[in-house]
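Novice: One structure coming up, written as structure tokens, with questions to follow.
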Amino acid sequence: MSVTLTKGGNVSLSKQAPGLTAVTVGLGWQANTGFEPDASALLCDQSGQVLSDEHFVFFNNLSSPDGSVRHSGGGSPIDGDAQRIEIDLTRVPDRVEKIVFPVSLYEGASRGQSFGQVHRAHIRVLDRDSGAELARYDLAPGGLSAETALVFGELYRHGAEWKFRAVGQGYAAGLAGIATDYGVAVPREAPATPSPAPVNTPQPTGGAPAPPVSPKAPVVAPPAPVFTTSPQPTGSSTVTCFFDPNHGPGVTTVTWSPQWGVPRPVQTCGACAQRIQATAPPFYTPPQQGYPQPVAQGYPQQGYPQQGYGQPYGDQDHHQQGGGRRFGTGALIGAGAAGLIGGALLNEAFDDDEPEVVVNNYYED
């Protein structure tokens with residue numbers, strides 16, 4: 001005698017048919033033209049997850065690896081069943097705790113179909129040997145709307161018995177949602193890279209076509225200043241820094257622009273070369289022994305003090321207060337040389353007394 005179940009109800013099949021070894025699960029429905037419901041089976045372990053992807057039996061995999069569950073495929077309805085699944089209970093692996101039976105609508109979402117439009121859906125369990133119906137569950141359509149997949153029922157172990165439960169749980173995500181819930185690996189397509197939108201170039205009205213637009217040339221950065229570095233001096237080299245021998249060997253060749261004279265290349269240390277490149281001319285003026293070195297007004301020299309040479313005098317010795325006229329090194333050199341020559345001549349003329357020599361420097365305003 002068949003037992004009719006409601007949602008969530010269960011029945012012991014082993015008690016309904018003692019010595020039961022195999023069952024047939026029949027699933028049926030009434031749907032409009034264009035609907036393609038597909039029944040499937042999931043062999044799950046104690047955790048409720050499918051044993052493997054091969055234990056997901058559906059229209060692309062009609063049998064489990066051990067052959068205990070087989071899908072009969074489509075075809076003509078049999079006694080109101082649209083599709084049937086055969087289960088040999090004696091061959092079901094011990095690890096399998098339950099077998100779940102979902103039904104999904106093929107491309108239901110893209111076609112705008114759902115189980116709210118499916119009528120008289122049912123699942124029933126038959127004794128495969130005798131063909132007798134043992135249990136039945138008729139799904140009520142009132143509680144369904146946007147679902148595109150539905151778990152109709154499940155077989156499960158209860159000690160030494162096999163029982164059947166009416167489930168009726170819907171999924172809006174279709175068969176992929178059910179497969180994900182039960183641990184089946186569902187491949188997902190990577191999103192396609194959108195193609196760039198074509199650029200419409202306006203054509204001139206009449207006359208010759210416009211010349212093609214050449215691609216925009218890349219912006220090239222100006223070249224960085226290049227320092228010409230002389231070879232490193234060997235142990236026998238005597239070339240030192242032009243501006244101060246104490247700075248070490250002259251390893252870099254730079255162009256030196258003196259305050260008077262023609263610019264020429266000199267060899268300096270790295271620090272002096274960097275200062276020459278970063279300072280506006282006139283650059284360094286080599287110190288003259290015995291003569292003070294003026295500071296060029298308007299072009300401050302941030303160099304090292306010259307060891308062994310006199311340091312520059314203050315502004316009061318070289319120009320008038322308040323920014324008056326400034327006199328260069330040449331004038332000072334000439335005045336000093338004249339004083340030395342005059343002193344030597346007077347000393348030669350007067351052997352006994354050394355006259356006091358006064359050198360007056362006259363400069364034009």
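In the structure tokens, chains take the letters A, B, ... in the order shown, each chain's residues start at 1, and ligands count up from 1 in the order shown.
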Excluding same-chain residues fewer than 6 positions from Phe164 of chain A, what lies within 7 Å of it counting only C-alpha atoms, as a PyMOL selection string?
Specialist: chain A and resi 10-13+154-156
Novice: Neighbours of segment 59-72 of chain A within 12 Å (only C-alpha atoms; same-chain residues fewer than 5 positions away dropped), as a count of residues only?
Specialist: 47
Novice: Atom CA of Glu97 of chain A and atom CA of Arg165 of chain A are how many Å apart?
Specialist: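 Separation between atom CA of Glu97 of chain A and atom CA of Arg165 of chain A: 13.2 Å.
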Novice: Provide the atom CA of Asn32 of chain A to atom CA of Ile178 of chain A distance in Å, to one decimal place.
Specialist: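 If I compute the distance from atom CA of Asn32 of chain A to atom CA of Ile178 of chain A, I get 23.6 Å.
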Novice: One number please: atom CA of Gly48 of chain A to atom CA of Ala173 of chain A, in Å, one decimal.
Specialist: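 A separation of 19.2 Å between them.
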Novice: I'd like the neighbourhood of Leu139 of chain A as a short mmCIF file (atom, residue, chain, number, x, y, z; two decimals) with N, CA and C atoms, in the first residue's frame, where a residue qualifies if any of its atoms comes within 9 Å (using only C-alpha atoms), though same-chain residues fewer than 6 positions away should be ignored.
Specialist:
```cif
data_model
loop_
_atom_site.label_atom_id
_atom_site.label_comp_id
_atom_site.auth_asym_id
_atom_site.auth_seq_id
_atom_site.Cartn_x
_atom_site.Cartn_y
_atom_site.Cartn_z
N THR A 6 3.39 14.56 2.73
CA THR A 6 3.40 16.01 2.56
C THR A 6 4.83 16.50 2.74
N LYS A 7 5.05 17.76 2.47
CA LYS A 7 6.40 18.32 2.52
C LYS A 7 7.01 18.11 3.90
N HIS A 119 2.92 22.43 -13.41
CA HIS A 119 1.76 21.90 -12.68
C HIS A 119 1.91 20.40 -12.47
N ARG A 120 1.23 19.91 -11.41
CA ARG A 120 1.11 18.48 -11.10
C ARG A 120 2.48 17.78 -11.05
N ALA A 121 3.45 18.43 -10.41
CA ALA A 121 4.76 17.81 -10.23
C ALA A 121 4.68 16.80 -9.10
N HIS A 122 5.36 15.67 -9.28
CA HIS A 122 5.34 14.63 -8.25
C HIS A 122 6.62 13.83 -8.27
N ILE A 123 6.86 13.09 -7.19
CA ILE A 123 7.93 12.11 -7.09
C ILE A 123 7.35 10.91 -6.36
N PHE A 152 13.04 17.46 -5.16
CA PHE A 152 11.74 16.81 -4.95
C PHE A 152 11.76 15.95 -3.69
N ALA A 166 9.99 13.56 1.75
CA ALA A 166 9.49 14.58 0.82
C ALA A 166 10.16 15.92 1.18
N GLY A 168 10.87 19.18 -1.34
CA GLY A 168 10.20 20.34 -1.93
C GLY A 168 10.91 21.67 -1.72
#
```
Novice: Which parts of segment 79-121 of chain A does DSSP call strand (DSSP E or B) when run on the backbone here, written out as a list in words?
Specialist: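 Those residues are Asp81, Gln83, Arg84, Ile85, Glu86, Ile87, Asp88, Lys98, Ile99, Val100, Phe101, Pro102, Val103, Ser104, Leu105, His119, Arg120 and Ala121 of chain A.
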Novice: Keeping N, CA and C atoms for every residue in the selection just given, could you write it to a file as an mmCIF file, in the first residue's frame?
Specialist:
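Full text of again.cif as output:
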```
data_model
loop_
_atom_site.group_PDB
_atom_site.id
_atom_site.type_symbol
_atom_site.label_atom_id
_atom_site.label_comp_id
_atom_site.auth_asym_id
_atom_site.auth_seq_id
_atom_site.Cartn_x
_atom_site.Cartn_y
_atom_site.Cartn_z
ATOM 1 N N ASP A 81 5.123 9.215 -15.256
ATOM 2 C CA ASP A 81 6.477 9.639 -14.904
ATOM 3 C C ASP A 81 7.180 10.142 -16.168
ATOM 4 N N GLN A 83 10.442 11.103 -16.212
ATOM 5 C CA GLN A 83 11.800 10.530 -16.186
ATOM 6 C C GLN A 83 11.897 9.600 -14.980
ATOM 7 N N ARG A 84 12.792 8.603 -15.106
ATOM 8 C CA ARG A 84 12.964 7.642 -14.023
ATOM 9 C C ARG A 84 14.449 7.430 -13.730
ATOM 10 N N ILE A 85 14.725 7.135 -12.447
ATOM 11 C CA ILE A 85 16.088 6.842 -11.993
ATOM 12 C C ILE A 85 16.045 5.521 -11.234
ATOM 13 N N GLU A 86 16.926 4.586 -11.644
ATOM 14 C CA GLU A 86 16.974 3.251 -11.042
ATOM 15 C C GLU A 86 18.076 3.213 -9.980
ATOM 16 N N ILE A 87 17.773 2.642 -8.783
ATOM 17 C CA ILE A 87 18.742 2.545 -7.692
ATOM 18 C C ILE A 87 18.815 1.102 -7.223
ATOM 19 N N ASP A 88 20.013 0.509 -7.295
ATOM 20 C CA ASP A 88 20.261 -0.827 -6.741
ATOM 21 C C ASP A 88 20.798 -0.636 -5.336
ATOM 22 N N LYS A 98 22.897 9.332 1.740
ATOM 23 C CA LYS A 98 21.614 9.703 1.150
ATOM 24 C C LYS A 98 21.774 9.972 -0.333
ATOM 25 N N ILE A 99 20.666 9.839 -1.069
ATOM 26 C CA ILE A 99 20.624 10.114 -2.502
ATOM 27 C C ILE A 99 19.530 11.157 -2.713
ATOM 28 N N VAL A 100 19.938 12.318 -3.242
ATOM 29 C CA VAL A 100 19.042 13.463 -3.391
ATOM 30 C C VAL A 100 18.572 13.520 -4.853
ATOM 31 N N PHE A 101 17.277 13.894 -5.051
ATOM 32 C CA PHE A 101 16.689 13.920 -6.399
ATOM 33 C C PHE A 101 16.177 15.322 -6.737
ATOM 34 N N PRO A 102 17.016 16.129 -7.420
ATOM 35 C CA PRO A 102 16.567 17.464 -7.868
ATOM 36 C C PRO A 102 16.014 17.394 -9.289
ATOM 37 N N VAL A 103 15.249 18.430 -9.649
ATOM 38 C CA VAL A 103 14.766 18.635 -11.019
ATOM 39 C C VAL A 103 15.022 20.106 -11.348
ATOM 40 N N SER A 104 15.606 20.354 -12.516
ATOM 41 C CA SER A 104 15.918 21.733 -12.916
ATOM 42 C C SER A 104 15.322 22.013 -14.283
ATOM 43 N N LEU A 105 15.027 23.297 -14.534
ATOM 44 C CA LEU A 105 14.518 23.735 -15.829
ATOM 45 C C LEU A 105 15.699 24.166 -16.689
ATOM 46 N N HIS A 119 2.916 22.426 -13.406
ATOM 47 C CA HIS A 119 1.763 21.901 -12.677
ATOM 48 C C HIS A 119 1.907 20.397 -12.467
ATOM 49 N N ARG A 120 1.233 19.906 -11.406
ATOM 50 C CA ARG A 120 1.113 18.478 -11.098
ATOM 51 C C ARG A 120 2.483 17.779 -11.052
ATOM 52 N N ALA A 121 3.448 18.431 -10.411
ATOM 53 C CA ALA A 121 4.765 17.809 -10.232
ATOM 54 C C ALA A 121 4.683 16.796 -9.099
#
```
Novice: For His247 of chain A, find every residue with an atom within 7 Å (counting only C-alpha atoms), except residues of its own chain fewer than 3 positions away, and show them as a list in words.
Specialist: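 The residues that qualify are Cys241, Asp244 and Cys269 of chain A.
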Novice: List as a PDB file with N, CA and C atoms, in the first residue's frame the protein and nucleic acid residues near Val3 of chain A, meaning an atom at most 9 Å away when only C-alpha atoms are counted, but skip any in the same chain fewer than 2 places from it.
Specialist:
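Okay, around_23.pdb is ready:
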```
ATOM      1  N   MET A   1       0.853  -1.192   0.000  1.00  0.00           N
ATOM      2  CA  MET A   1       0.000   0.000   0.000  1.00  0.00           C
ATOM      3  C   MET A   1       0.891   1.244   0.000  1.00  0.00           C
ATOM      4  N   LEU A   5       2.805  11.398   1.082  1.00  0.00           N
ATOM      5  CA  LEU A   5       3.513  12.278   2.018  1.00  0.00           C
ATOM      6  C   LEU A   5       3.235  13.743   1.705  1.00  0.00           C
ATOM      7  N   VAL A  11       8.963   8.126   5.272  1.00  0.00           N
ATOM      8  CA  VAL A  11       8.412   6.781   5.446  1.00  0.00           C
ATOM      9  C   VAL A  11       9.554   5.771   5.296  1.00  0.00           C
ATOM     10  N   GLN A  16       7.872  -0.914   4.426  1.00  0.00           N
ATOM     11  CA  GLN A  16       6.815  -1.015   3.428  1.00  0.00           C
ATOM     12  C   GLN A  16       6.980  -2.271   2.588  1.00  0.00           C
ATOM     13  N   GLU A 133       3.919   0.722  -5.980  1.00  0.00           N
ATOM     14  CA  GLU A 133       4.270   2.059  -5.465  1.00  0.00           C
ATOM     15  C   GLU A 133       4.325   1.999  -3.951  1.00  0.00           C
ATOM     16  N   LEU A 134       5.438   2.479  -3.374  1.00  0.00           N
ATOM     17  CA  LEU A 134       5.648   2.447  -1.931  1.00  0.00           C
ATOM     18  C   LEU A 134       5.383   3.805  -1.275  1.00  0.00           C
ATOM     19  N   ALA A 135       5.723   4.888  -1.939  1.00  0.00           N
ATOM     20  CA  ALA A 135       5.521   6.228  -1.360  1.00  0.00           C
ATOM     21  C   ALA A 135       5.373   7.235  -2.500  1.00  0.00           C
ATOM     22  N   ARG A 136       4.655   8.371  -2.167  1.00  0.00           N
ATOM     23  CA  ARG A 136       4.413   9.393  -3.193  1.00  0.00           C
ATOM     24  C   ARG A 136       4.334  10.760  -2.525  1.00  0.00           C
ATOM     25  N   TYR A 137       4.865  11.758  -3.274  1.00  0.00           N
ATOM     26  CA  TYR A 137       4.784  13.148  -2.795  1.00  0.00           C
ATOM     27  C   TYR A 137       4.376  14.020  -3.977  1.00  0.00           C
TER      28      TYR A 137
END
```
